[in-house]
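Visitor: Got a file for you: data.cif, mmCIF, C-alpha atoms and all ligand atoms.
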```cif
data_upload
loop_
_atom_site.label_atom_id
_atom_site.label_comp_id
_atom_site.auth_asym_id
_atom_site.auth_seq_id
_atom_site.Cartn_x
_atom_site.Cartn_y
_atom_site.Cartn_z
CA SER V 6 -13.52 -26.84 -11.94
CA LEU V 7 -11.81 -27.12 -15.29
CA THR V 8 -8.13 -28.00 -15.37
CA LEU V 9 -5.17 -28.04 -17.71
CA GLY V 10 -2.92 -31.08 -17.49
CA ILE V 11 0.80 -30.26 -17.68
CA VAL V 12 2.73 -32.65 -19.92
CA GLY V 13 6.15 -32.63 -21.54
CA LEU V 14 9.30 -34.66 -22.00
CA PRO V 15 11.59 -35.13 -18.99
CA ASN V 16 13.97 -32.25 -18.18
CA VAL V 17 12.05 -29.55 -20.01
CA GLY V 18 11.26 -27.62 -16.82
CA LYS V 19 7.85 -28.99 -15.83
CA SER V 20 8.65 -29.29 -12.12
CA THR V 21 10.31 -25.89 -12.07
CA LEU V 22 7.23 -24.35 -13.65
CA PHE V 23 4.80 -26.32 -11.53
CA ASN V 24 6.55 -25.29 -8.34
CA ALA V 25 6.20 -21.68 -9.40
CA LEU V 26 2.52 -22.28 -10.13
CA THR V 27 1.83 -23.69 -6.67
CA ARG V 28 3.55 -20.92 -4.72
CA ASN V 29 0.66 -18.54 -4.46
CA ASP V 30 0.08 -16.78 -1.19
CA VAL V 31 -2.77 -14.83 -2.78
CA LEU V 32 -4.77 -18.02 -2.92
CA ALA V 33 -4.21 -19.15 0.61
CA ALA V 34 -5.52 -15.74 1.70
CA ASN V 35 -8.59 -15.74 -0.53
CA TYR V 36 -9.63 -19.36 -0.49
CA PRO V 37 -8.91 -20.41 3.10
CA PHE V 38 -11.24 -23.41 2.92
CA ALA V 39 -10.15 -24.74 -0.42
CA THR V 40 -8.39 -28.07 -0.22
CA ILE V 41 -5.48 -27.66 -2.53
CA GLU V 42 -4.26 -30.97 -3.85
CA PRO V 43 -0.51 -31.48 -4.05
CA ASN V 44 -0.58 -32.08 -7.79
CA VAL V 45 -2.79 -29.09 -8.57
CA GLY V 46 -1.42 -25.58 -9.09
CA VAL V 47 -4.08 -22.91 -8.71
CA VAL V 48 -3.08 -19.61 -10.28
CA PRO V 49 -4.88 -16.27 -10.00
CA LEU V 50 -5.93 -14.68 -13.26
CA PRO V 51 -4.42 -11.19 -13.31
CA ASP V 52 -7.18 -8.60 -13.67
CA ASP V 53 -6.50 -4.90 -13.19
CA ARG V 54 -10.21 -4.19 -13.18
CA LEU V 55 -10.57 -5.64 -9.68
CA ALA V 56 -8.31 -3.01 -8.09
CA LYS V 57 -10.32 -0.30 -9.80
CA LEU V 58 -13.62 -1.78 -8.56
CA ALA V 59 -12.22 -2.13 -5.04
CA GLU V 60 -11.44 1.58 -5.15
CA ILE V 61 -14.95 2.55 -6.30
CA PHE V 62 -16.72 0.28 -3.80
CA ASN V 63 -14.18 0.64 -1.03
CA SER V 64 -13.94 -3.15 -0.90
CA GLU V 65 -12.09 -4.87 1.93
CA ARG V 66 -10.50 -7.37 -0.40
CA ILE V 67 -10.04 -8.54 -3.94
CA VAL V 68 -10.77 -12.08 -5.07
CA PRO V 69 -9.44 -12.93 -8.51
CA ALA V 70 -10.61 -15.76 -10.74
CA THR V 71 -8.26 -18.74 -10.86
CA VAL V 72 -6.95 -21.30 -13.31
CA SER V 73 -5.94 -24.82 -12.26
CA PHE V 74 -3.01 -26.76 -13.65
CA VAL V 75 -2.56 -30.45 -12.85
CA ASP V 76 0.91 -31.93 -12.82
CA ILE V 77 0.78 -35.13 -14.86
CA ALA V 78 3.52 -37.76 -14.54
CA GLY V 79 6.20 -37.59 -17.21
CA ILE V 80 5.57 -38.84 -20.69
CA VAL V 81 8.26 -40.54 -22.72
CA ARG V 82 8.39 -42.10 -26.11
CA GLY V 83 6.36 -45.31 -25.88
CA ALA V 84 3.94 -44.07 -23.22
CA SER V 85 0.96 -45.22 -25.28
CA GLU V 86 2.41 -48.75 -25.13
CA GLY V 87 2.53 -48.55 -21.35
CA ALA V 88 6.22 -47.55 -21.13
CA GLY V 89 7.29 -45.56 -18.10
CA LEU V 90 4.19 -44.37 -16.34
CA GLY V 91 2.29 -44.70 -19.61
CA ASN V 92 -1.09 -45.98 -18.55
CA LYS V 93 -1.38 -43.77 -15.50
CA PHE V 94 -0.38 -40.83 -17.64
CA LEU V 95 -3.18 -41.51 -20.11
CA ALA V 96 -5.78 -41.89 -17.37
CA ASN V 97 -4.73 -38.58 -15.80
CA ILE V 98 -4.75 -36.73 -19.06
CA ARG V 99 -8.19 -38.05 -19.89
CA GLU V 100 -9.46 -36.21 -16.83
CA ALA V 101 -7.93 -32.87 -17.78
CA ASN V 102 -9.99 -30.46 -19.86
CA ALA V 103 -7.06 -29.15 -21.83
CA ILE V 104 -3.43 -30.11 -22.37
CA CYS V 105 -0.61 -27.78 -21.41
CA GLN V 106 2.56 -28.95 -23.07
CA VAL V 107 5.86 -27.62 -21.75
CA VAL V 108 8.48 -27.46 -24.50
CA ARG V 109 12.16 -26.84 -23.94
CA VAL V 110 13.78 -24.12 -25.99
CA PHE V 111 16.49 -23.19 -23.52
CA ASP V 112 20.07 -24.20 -24.12
CA ASP V 113 21.98 -25.52 -21.16
CA PRO V 114 24.79 -28.05 -21.50
CA ASP V 115 24.27 -29.01 -17.84
CA VAL V 116 20.68 -30.13 -18.43
CA VAL V 117 20.55 -33.37 -20.37
CA HIS V 118 18.01 -33.58 -23.16
CA VAL V 119 16.32 -37.00 -23.30
CA GLU V 120 16.43 -37.05 -27.09
CA GLY V 121 19.99 -35.76 -27.27
CA ALA V 122 19.38 -32.24 -28.56
CA VAL V 123 17.05 -29.30 -28.07
CA ASN V 124 14.50 -29.47 -30.87
CA PRO V 125 11.08 -28.06 -30.03
CA ALA V 126 9.36 -29.30 -33.20
CA ASP V 127 10.53 -32.88 -32.60
CA ASP V 128 9.63 -32.75 -28.92
CA ILE V 129 6.14 -31.51 -29.68
CA GLU V 130 5.75 -34.27 -32.22
CA THR V 131 6.92 -36.91 -29.74
CA ILE V 132 4.23 -35.92 -27.26
CA HIS V 133 1.59 -35.58 -29.96
CA THR V 134 2.50 -39.02 -31.29
CA GLU V 135 1.93 -40.71 -27.94
CA LEU V 136 -1.48 -39.08 -27.61
CA ILE V 137 -2.32 -39.87 -31.23
CA LEU V 138 -1.38 -43.53 -30.75
CA ALA V 139 -3.58 -43.71 -27.67
CA ASP V 140 -6.50 -42.24 -29.64
CA LEU V 141 -5.92 -44.67 -32.50
CA GLN V 142 -6.20 -47.54 -30.03
CA THR V 143 -9.46 -46.12 -28.71
CA LEU V 144 -10.83 -45.65 -32.22
CA ASP V 145 -9.81 -49.11 -33.39
CA ARG V 146 -11.60 -50.61 -30.43
CA ALA V 147 -14.73 -48.54 -31.15
CA LEU V 148 -14.91 -48.79 -34.93
CA PRO V 149 -16.34 -52.35 -35.23
CA ARG V 150 -19.19 -51.36 -32.91
CA LEU V 151 -19.79 -48.07 -34.73
CA GLU V 152 -19.86 -49.94 -38.05
CA LYS V 153 -22.36 -52.43 -36.74
CA GLU V 154 -24.59 -49.70 -35.34
CA ALA V 155 -24.45 -47.72 -38.56
CA ARG V 156 -25.59 -50.77 -40.54
CA THR V 157 -28.82 -51.06 -38.59
CA GLN V 158 -29.40 -47.47 -37.46
CA LYS V 159 -29.26 -44.78 -40.08
CA ASP V 160 -28.84 -41.99 -37.54
CA LYS V 161 -25.56 -43.57 -36.38
CA ARG V 162 -23.92 -43.07 -39.76
CA PRO V 163 -22.59 -39.57 -39.10
CA ALA V 164 -20.80 -40.86 -35.99
CA LEU V 165 -19.19 -43.64 -37.99
CA GLU V 166 -18.12 -41.18 -40.67
CA ALA V 167 -16.65 -38.87 -38.06
CA ALA V 168 -14.74 -41.78 -36.53
CA GLN V 169 -13.37 -42.75 -39.93
CA ALA V 170 -12.37 -39.16 -40.67
CA ALA V 171 -10.73 -38.92 -37.24
CA ARG V 172 -8.79 -42.08 -37.97
CA GLY V 173 -7.49 -40.52 -41.18
CA VAL V 174 -6.33 -37.38 -39.41
CA LEU V 175 -4.56 -39.35 -36.67
CA ASP V 176 -3.01 -41.72 -39.19
CA GLY V 177 -1.55 -38.65 -40.85
CA GLY V 178 0.18 -37.75 -37.60
CA ARG V 179 -2.03 -34.83 -36.65
CA THR V 180 -4.07 -34.27 -33.50
CA LEU V 181 -7.83 -33.80 -33.79
CA PHE V 182 -7.47 -30.41 -32.13
CA HIS V 183 -5.14 -29.28 -34.91
CA ALA V 184 -7.59 -30.62 -37.53
CA GLN V 185 -10.73 -29.34 -35.85
CA SER V 186 -12.28 -27.97 -39.05
CA GLU V 187 -12.04 -31.39 -40.71
CA VAL V 188 -13.79 -33.68 -38.24
CA ASP V 189 -17.00 -33.18 -36.30
CA THR V 190 -15.60 -34.48 -33.02
CA SER V 191 -18.81 -33.57 -31.16
CA LEU V 192 -20.16 -36.85 -32.59
CA LEU V 193 -17.33 -38.74 -30.90
CA ARG V 194 -17.65 -37.30 -27.43
CA GLU V 195 -18.42 -40.67 -25.81
CA LEU V 196 -14.95 -41.88 -26.83
CA ASN V 197 -13.25 -39.10 -24.84
CA LEU V 198 -10.39 -38.89 -27.33
CA LEU V 199 -7.29 -37.20 -25.91
CA THR V 200 -6.30 -35.14 -28.92
CA THR V 201 -9.68 -33.39 -29.22
CA LYS V 202 -8.78 -31.46 -26.07
CA PRO V 203 -7.50 -27.94 -26.60
CA PHE V 204 -3.70 -27.60 -26.50
CA LEU V 205 -1.67 -24.84 -24.90
CA TYR V 206 2.11 -24.72 -25.36
CA VAL V 207 4.51 -23.26 -22.84
CA PHE V 208 7.87 -22.63 -24.43
CA ASN V 209 10.42 -22.71 -21.65
CA ALA V 210 12.84 -20.33 -23.26
CA ASP V 211 16.01 -18.47 -22.43
CA GLU V 212 16.59 -14.77 -22.86
CA GLY V 213 17.75 -15.22 -26.43
CA VAL V 214 14.42 -16.69 -27.51
CA LEU V 215 12.31 -14.40 -25.34
CA SER V 216 13.73 -11.37 -27.11
CA ASP V 217 13.68 -12.90 -30.59
CA GLU V 218 10.36 -12.02 -32.15
CA THR V 219 10.96 -13.92 -35.38
CA ARG V 220 11.77 -17.10 -33.53
CA ARG V 221 8.73 -16.70 -31.31
CA ALA V 222 6.50 -16.22 -34.35
CA GLU V 223 7.89 -19.43 -35.88
CA LEU V 224 7.13 -21.38 -32.74
CA ARG V 225 3.68 -19.84 -32.50
CA GLU V 226 2.94 -20.92 -36.04
CA LEU V 227 4.16 -24.43 -35.32
CA VAL V 228 1.45 -24.97 -32.70
CA ALA V 229 -1.46 -22.88 -34.02
CA PRO V 230 -4.36 -22.86 -33.33
CA GLY V 231 -2.99 -23.81 -29.92
CA ASP V 232 -2.09 -20.90 -27.65
CA ALA V 233 1.62 -20.26 -27.10
CA VAL V 234 3.24 -18.75 -24.00
CA PHE V 235 6.93 -17.92 -23.72
CA LEU V 236 8.62 -17.81 -20.37
CA ASP V 237 11.77 -18.78 -18.52
CA ALA V 238 10.69 -21.22 -15.81
CA LYS V 239 13.84 -20.58 -13.77
CA VAL V 240 13.21 -16.84 -13.82
CA GLU V 241 9.56 -17.40 -12.84
CA ALA V 242 10.75 -19.38 -9.82
CA GLU V 243 13.21 -16.61 -8.90
CA LEU V 244 10.59 -13.88 -9.26
CA LEU V 245 8.56 -15.43 -6.47
CA GLU V 246 11.50 -15.02 -4.09
CA LEU V 247 11.85 -11.30 -4.78
CA ASP V 248 10.11 -8.21 -3.50
CA GLU V 249 8.08 -6.20 -5.99
CA GLU V 250 10.84 -3.76 -6.84
CA SER V 251 13.53 -6.41 -7.45
CA ALA V 252 11.07 -8.52 -9.41
CA ARG V 253 10.34 -5.57 -11.68
CA GLU V 254 14.06 -5.03 -12.21
CA LEU V 255 14.65 -8.67 -13.07
CA LEU V 256 11.79 -8.62 -15.59
CA GLU V 257 13.11 -5.42 -17.10
CA SER V 258 16.59 -6.88 -17.41
CA ILE V 259 15.25 -9.66 -19.63
CA GLY V 260 12.93 -7.31 -21.51
CA GLN V 261 9.67 -8.76 -20.21
CA PRO V 262 6.67 -6.53 -19.39
CA GLU V 263 5.14 -8.94 -16.86
CA PRO V 264 5.75 -12.30 -15.20
CA GLY V 265 5.29 -15.20 -17.58
CA LEU V 266 2.87 -16.77 -15.11
CA HIS V 267 0.44 -13.93 -15.80
CA ALA V 268 0.49 -14.67 -19.50
CA LEU V 269 0.17 -18.37 -18.71
CA ALA V 270 -2.90 -17.82 -16.51
CA ARG V 271 -4.58 -15.78 -19.24
CA ALA V 272 -3.72 -18.30 -21.93
CA GLY V 273 -4.94 -21.18 -19.74
CA PHE V 274 -8.20 -19.37 -19.16
CA HIS V 275 -8.61 -18.75 -22.87
CA THR V 276 -7.72 -22.33 -23.79
CA LEU V 277 -10.38 -23.63 -21.41
CA GLY V 278 -12.99 -21.38 -23.05
CA LEU V 279 -13.66 -19.39 -19.91
CA GLN V 280 -14.51 -15.78 -19.18
CA THR V 281 -15.24 -13.73 -16.09
CA TYR V 282 -17.87 -11.42 -14.78
CA LEU V 283 -17.44 -9.15 -11.79
CA THR V 284 -19.25 -8.40 -8.56
CA ALA V 285 -18.36 -5.56 -6.22
CA GLY V 286 -19.34 -4.29 -2.79
CA PRO V 287 -17.81 -3.17 0.49
CA LYS V 288 -16.86 -6.73 1.42
CA GLU V 289 -15.10 -7.71 -1.78
CA SER V 290 -14.52 -7.06 -5.44
CA ARG V 291 -14.49 -10.38 -7.14
CA ALA V 292 -14.13 -12.06 -10.51
CA TRP V 293 -16.26 -15.15 -11.17
CA THR V 294 -15.49 -17.80 -13.73
CA ILE V 295 -18.06 -18.86 -16.30
CA PRO V 296 -17.90 -20.63 -19.66
CA GLN V 297 -17.98 -18.32 -22.66
CA GLY V 298 -21.62 -18.04 -23.72
CA ALA V 299 -23.07 -18.59 -20.24
CA THR V 300 -26.46 -17.02 -19.53
CA ALA V 301 -27.26 -14.77 -16.56
CA PRO V 302 -28.88 -17.57 -14.47
CA GLN V 303 -25.90 -19.85 -15.14
CA ALA V 304 -23.58 -17.05 -14.05
CA ALA V 305 -25.64 -16.59 -10.87
CA GLY V 306 -25.34 -20.32 -10.24
CA VAL V 307 -21.58 -20.01 -9.96
CA ILE V 308 -22.06 -17.90 -6.83
CA HIS V 309 -24.71 -20.20 -5.38
CA THR V 310 -26.96 -22.87 -6.87
CA ASP V 311 -29.94 -21.18 -5.17
CA PHE V 312 -29.20 -18.03 -7.14
CA GLU V 313 -29.66 -19.95 -10.37
CA ARG V 314 -32.87 -21.64 -9.23
CA GLY V 315 -34.41 -18.44 -7.87
CA PHE V 316 -33.07 -16.13 -10.57
CA ILE V 317 -35.30 -13.14 -11.30
CA LYS V 318 -33.07 -10.69 -13.11
CA ALA V 319 -29.57 -9.30 -13.29
CA GLU V 320 -28.61 -5.66 -12.92
CA VAL V 321 -25.72 -5.27 -15.33
CA VAL V 322 -23.33 -2.44 -16.07
CA SER V 323 -20.22 -2.76 -18.19
CA PHE V 324 -16.97 -2.21 -16.33
CA THR V 325 -16.06 0.69 -18.64
CA ASP V 326 -19.42 2.45 -18.11
CA LEU V 327 -19.18 1.99 -14.38
CA VAL V 328 -15.68 3.44 -14.19
CA GLU V 329 -16.67 6.33 -16.42
CA ALA V 330 -19.66 7.11 -14.19
CA GLY V 331 -17.56 6.74 -11.04
CA SER V 332 -20.17 4.99 -8.90
CA MET V 333 -23.09 2.60 -9.19
CA ALA V 334 -25.55 5.40 -8.37
CA ALA V 335 -24.07 7.64 -11.04
CA ALA V 336 -24.13 4.79 -13.56
CA ARG V 337 -27.79 4.20 -12.74
CA ALA V 338 -28.59 7.90 -13.10
CA ALA V 339 -26.85 7.92 -16.46
CA GLY V 340 -29.03 5.02 -17.59
CA LYS V 341 -26.03 2.71 -17.94
CA VAL V 342 -27.37 -0.03 -15.66
CA ARG V 343 -29.45 -2.55 -17.57
CA MET V 344 -32.02 -5.05 -16.28
CA GLU V 345 -31.33 -8.38 -17.94
CA GLY V 346 -33.52 -11.47 -17.90
CA LYS V 347 -32.85 -15.19 -17.95
CA ASP V 348 -31.86 -15.35 -21.62
CA TYR V 349 -29.13 -12.74 -21.31
CA VAL V 350 -25.72 -14.00 -22.45
CA MET V 351 -23.00 -12.63 -20.20
CA ALA V 352 -20.27 -10.43 -21.65
CA ASP V 353 -16.71 -10.35 -20.32
CA GLY V 354 -16.36 -7.52 -17.82
CA ASP V 355 -20.02 -7.27 -16.89
CA VAL V 356 -20.39 -5.95 -13.37
CA VAL V 357 -23.46 -7.66 -11.98
CA GLU V 358 -25.92 -7.69 -9.13
CA PHE V 359 -28.39 -10.55 -9.18
CA ARG V 360 -31.99 -10.39 -7.97
CA PHE V 361 -33.40 -13.71 -6.91
CA ASN V 362 -36.01 -15.54 -4.80
CA VAL V 363 -34.78 -17.82 -2.08
P1 LIG V 401 11.11 -31.72 -15.65
O1 LIG V 401 11.81 -33.03 -15.71
O2 LIG V 401 10.43 -31.40 -16.95
O3 LIG V 401 10.19 -31.58 -14.49
O4 LIG V 401 12.25 -30.62 -15.52
P2 LIG V 401 12.79 -29.82 -14.24
O5 LIG V 401 11.87 -28.72 -13.88
O6 LIG V 401 13.16 -30.78 -13.19
O7 LIG V 401 14.09 -29.17 -14.89
C1 LIG V 401 15.17 -29.96 -15.30
C2 LIG V 401 16.45 -29.16 -15.15
O8 LIG V 401 16.41 -28.03 -16.03
C3 LIG V 401 16.63 -28.60 -13.74
O9 LIG V 401 17.99 -28.67 -13.43
C4 LIG V 401 16.18 -27.14 -13.88
O10 LIG V 401 16.85 -26.31 -12.97
C5 LIG V 401 16.58 -26.83 -15.31
N1 LIG V 401 15.71 -25.80 -15.90
C6 LIG V 401 14.37 -25.72 -15.85
N2 LIG V 401 13.93 -24.64 -16.52
C7 LIG V 401 15.03 -24.02 -16.99
C8 LIG V 401 15.24 -22.83 -17.75
O11 LIG V 401 14.31 -22.13 -18.14
N3 LIG V 401 16.55 -22.55 -18.09
C9 LIG V 401 17.59 -23.31 -17.68
N4 LIG V 401 18.82 -22.96 -18.03
N5 LIG V 401 17.42 -24.41 -16.95
C10 LIG V 401 16.17 -24.77 -16.61
#
```
Written as structure tokens, how would this file's structure read?
Guide:
Amino acid sequence: SLTLGIVGLPNVGKSTLFNALTRNDVLAANYPFATIEPNVGVVPLPDDRLAKLAEIFNSERIVPATVSFVDIAGIVRGASEGAGLGNKFLANIREANAICQVVRVFDDPDVVHVEGAVNPADDIETIHTELILADLQTLDRALPRLEKEARTQKDKRPALEAAQAARGVLDGGRTLFHAQSEVDTSLLRELNLLTTKPFLYVFNADEGVLSDETRRAELRELVAPGDAVFLDAKVEAELLELDEESARELLESIGQPEPGLHALARAGFHTLGLQTYLTAGPKESRAWTIPQGATAPQAAGVIHTDFERGFIKAEVVSFTDLVEAGSMAAARAAGKVRMEGKDYVMADGDVVEFRFNV
């Protein structure tokens, strides 16, 4: 499945956050056979619709969709030159589908800052720079070959031009993700450049920042079009120790409507370009993960590869229509249940029953 790689400077709260991400009893209950790797945090995607479906279908259990975060060894200035765990870091990040950068915005004299002071913009730039330098190395190795190919094969010219444009962007200190309208990076896929991956930023903030909308907007703008999530990693860790009532009180006391991990799961899902569809029955109400734009047979394939191969049609009702009708039978009677064929593109919140040959 798709993963986000967690990166950040030392002492920004990565371990604190990652520990919170891996402490999920929900998962152990729902995915008893999943081997959960020690460096992977699997987080349920909060979805209120599942409880509602479970009510309508009298389901025994609820199975949410999940998002996976991989803990990647610390990056420091000079990582692209092999400093610290540099090379290993780059190899790990190459395998992630998106980059989740933890950025420190909390003040705490007891927690040393590697660069001497808390400065989110500088910290973000430090990490970007290491990834940019790594991409420049990759490009510089590839360019002579791309030039040679373009000389003899006309259809290779666009790739060369994209590589040259990419070089310009990186030379200017920007990531390819942040300059996505300027370079057609789909032509450079074989190079697996790090900075073309989508970026998500987790601002590890204290109460002052969490409640300061202007400051949050500034930070958001700094990283756009990357997603931004604001949380207090220490509070997230504490929340997991508390019962529901105390957790609610703690959140209220810092003016937060929900745990930051919920927002993080949603943002991670969005950054990876994923969406869900739903199935429901007496056994379980469940959310399934598909890429945005997936067709009905592809969606069926997520449940079982045989479902994709033997796909006949999908019976689809939107979650809203189903809830309004109150039951599947009532939704059918009201003409709200559609028969969709193999070209149907799934919409978020579709409640589906597949018909297939085995
Ligand atoms: P890492 O090096 O990025 O993995 O950072 P750690 O998670 O080990 O955190 C470094 C130190 O900062 C630890 O002493 C944490 O307790 C502390 N810390 C982490 N998050 C927060 C936070 O949100 N607020 C405060 N005040 N301290 C934090």
Visitor: Within 8 Å of Thr281 in chain V, counting all atoms listed in the file, which residues qualify if same-chain residues fewer than 2 places away don't, as a VMD selection string?
Guide: chain V and resid 70 279 283 292 to 295 353 to 354
Visitor: Given the choices V:Val356, V:Val188, V:Val240, V:Leu277, which gets closest to ligand LIG 401 (chain V) if the distance is worked out from all atoms listed in the file?
Guide: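 Using all atoms listed in the file, ligand LIG 401 (chain V) sits closest to V:Val240.
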Visitor: Near Asn209 in chain V, counting all atoms listed in the file, which residues have an atom at most 7 Å away, once you skip same-chain residues fewer than 5 positions from it, shown as a ChimeraX atom specification?
Guide: /V:18,107-111,235-238
Visitor: In Å to one decimal, how far is CA of Val321 in chain V from CA of Arg343 in chain V?
Guide: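 Going from CA of Arg343 in chain V over to CA of Val321 in chain V covers 5.1 Å.
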Visitor: How close does chain V get to ligand LIG 401 (chain V)? List, as a tab-separated table, each residue of chain V within 10 Å, its nearest atom pair and the distance in Å to one decimal, counting all atoms listed in the file.
Guide:
```
residue	atom	partner	partner_atom	distance
V:Ile11	CA	V:LIG401	O2	9.7
V:Val12	CA	V:LIG401	O2	8.3
V:Gly13	CA	V:LIG401	O2	6.4
V:Leu14	CA	V:LIG401	O2	6.1
V:Pro15	CA	V:LIG401	O1	3.9
V:Asn16	CA	V:LIG401	O1	3.4
V:Val17	CA	V:LIG401	O2	3.9
V:Gly18	CA	V:LIG401	O5	3.2
V:Lys19	CA	V:LIG401	O2	3.7
V:Ser20	CA	V:LIG401	O3	3.6
V:Thr21	CA	V:LIG401	O5	3.7
V:Leu22	CA	V:LIG401	O5	6.4
V:Phe23	CA	V:LIG401	O5	7.8
V:Asn24	CA	V:LIG401	O5	8.4
V:Asp76	CA	V:LIG401	O3	9.4
V:Ala78	CA	V:LIG401	O3	9.1
V:Gly79	CA	V:LIG401	O1	7.4
V:Ile80	CA	V:LIG401	O2	9.6
V:Val107	CA	V:LIG401	O2	7.6
V:Val108	CA	V:LIG401	O2	8.7
V:Arg109	CA	V:LIG401	O11	7.8
V:Val110	CA	V:LIG401	O11	8.1
V:Phe111	CA	V:LIG401	N3	5.5
V:Asp112	CA	V:LIG401	N4	6.3
V:Asp113	CA	V:LIG401	N4	5.1
V:Pro114	CA	V:LIG401	N4	8.6
V:Asp115	CA	V:LIG401	O9	7.7
V:Val116	CA	V:LIG401	O8	5.3
V:Val117	CA	V:LIG401	C2	7.9
V:His118	CA	V:LIG401	C1	9.1
V:Val119	CA	V:LIG401	O1	9.7
V:Phe208	CA	V:LIG401	O11	9.0
V:Asn209	CA	V:LIG401	O11	5.3
V:Ala210	CA	V:LIG401	O11	5.6
V:Asp211	CA	V:LIG401	O11	5.9
V:Glu212	CA	V:LIG401	O11	9.0
V:Leu236	CA	V:LIG401	O11	7.5
V:Asp237	CA	V:LIG401	O11	4.2
V:Ala238	CA	V:LIG401	O11	4.4
V:Lys239	CA	V:LIG401	O11	4.7
V:Val240	CA	V:LIG401	O11	6.9
V:Glu241	CA	V:LIG401	O11	8.5
V:Ala242	CA	V:LIG401	N2	9.1
```
Visitor: So, counting all atoms listed in the file, which residue among V:Val357, V:Ala126, V:Leu9, V:Ile104 is closest to Glu223 in chain V?
Guide: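 Looking only at the distances to Glu223 in chain V, the closest residue turns out to be V:Ala126.
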Visitor: How many Å lie between CA of Val47 in chain V and CA of Glu263 in chain V, rounded to one decimal?
Guide: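 Going from CA of Val47 in chain V over to CA of Glu263 in chain V, I get 18.6 Å.
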Visitor: Hey, which of V:Arg360, V:Lys341, V:Lys288, V:Arg271 ends up closest to Arg66 in chain V? Count only C-alpha atoms.
Guide: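 Of V:Arg360, V:Lys341, V:Lys288, V:Arg271, the one nearest Arg66 in chain V, counting only C-alpha atoms, is V:Lys288.
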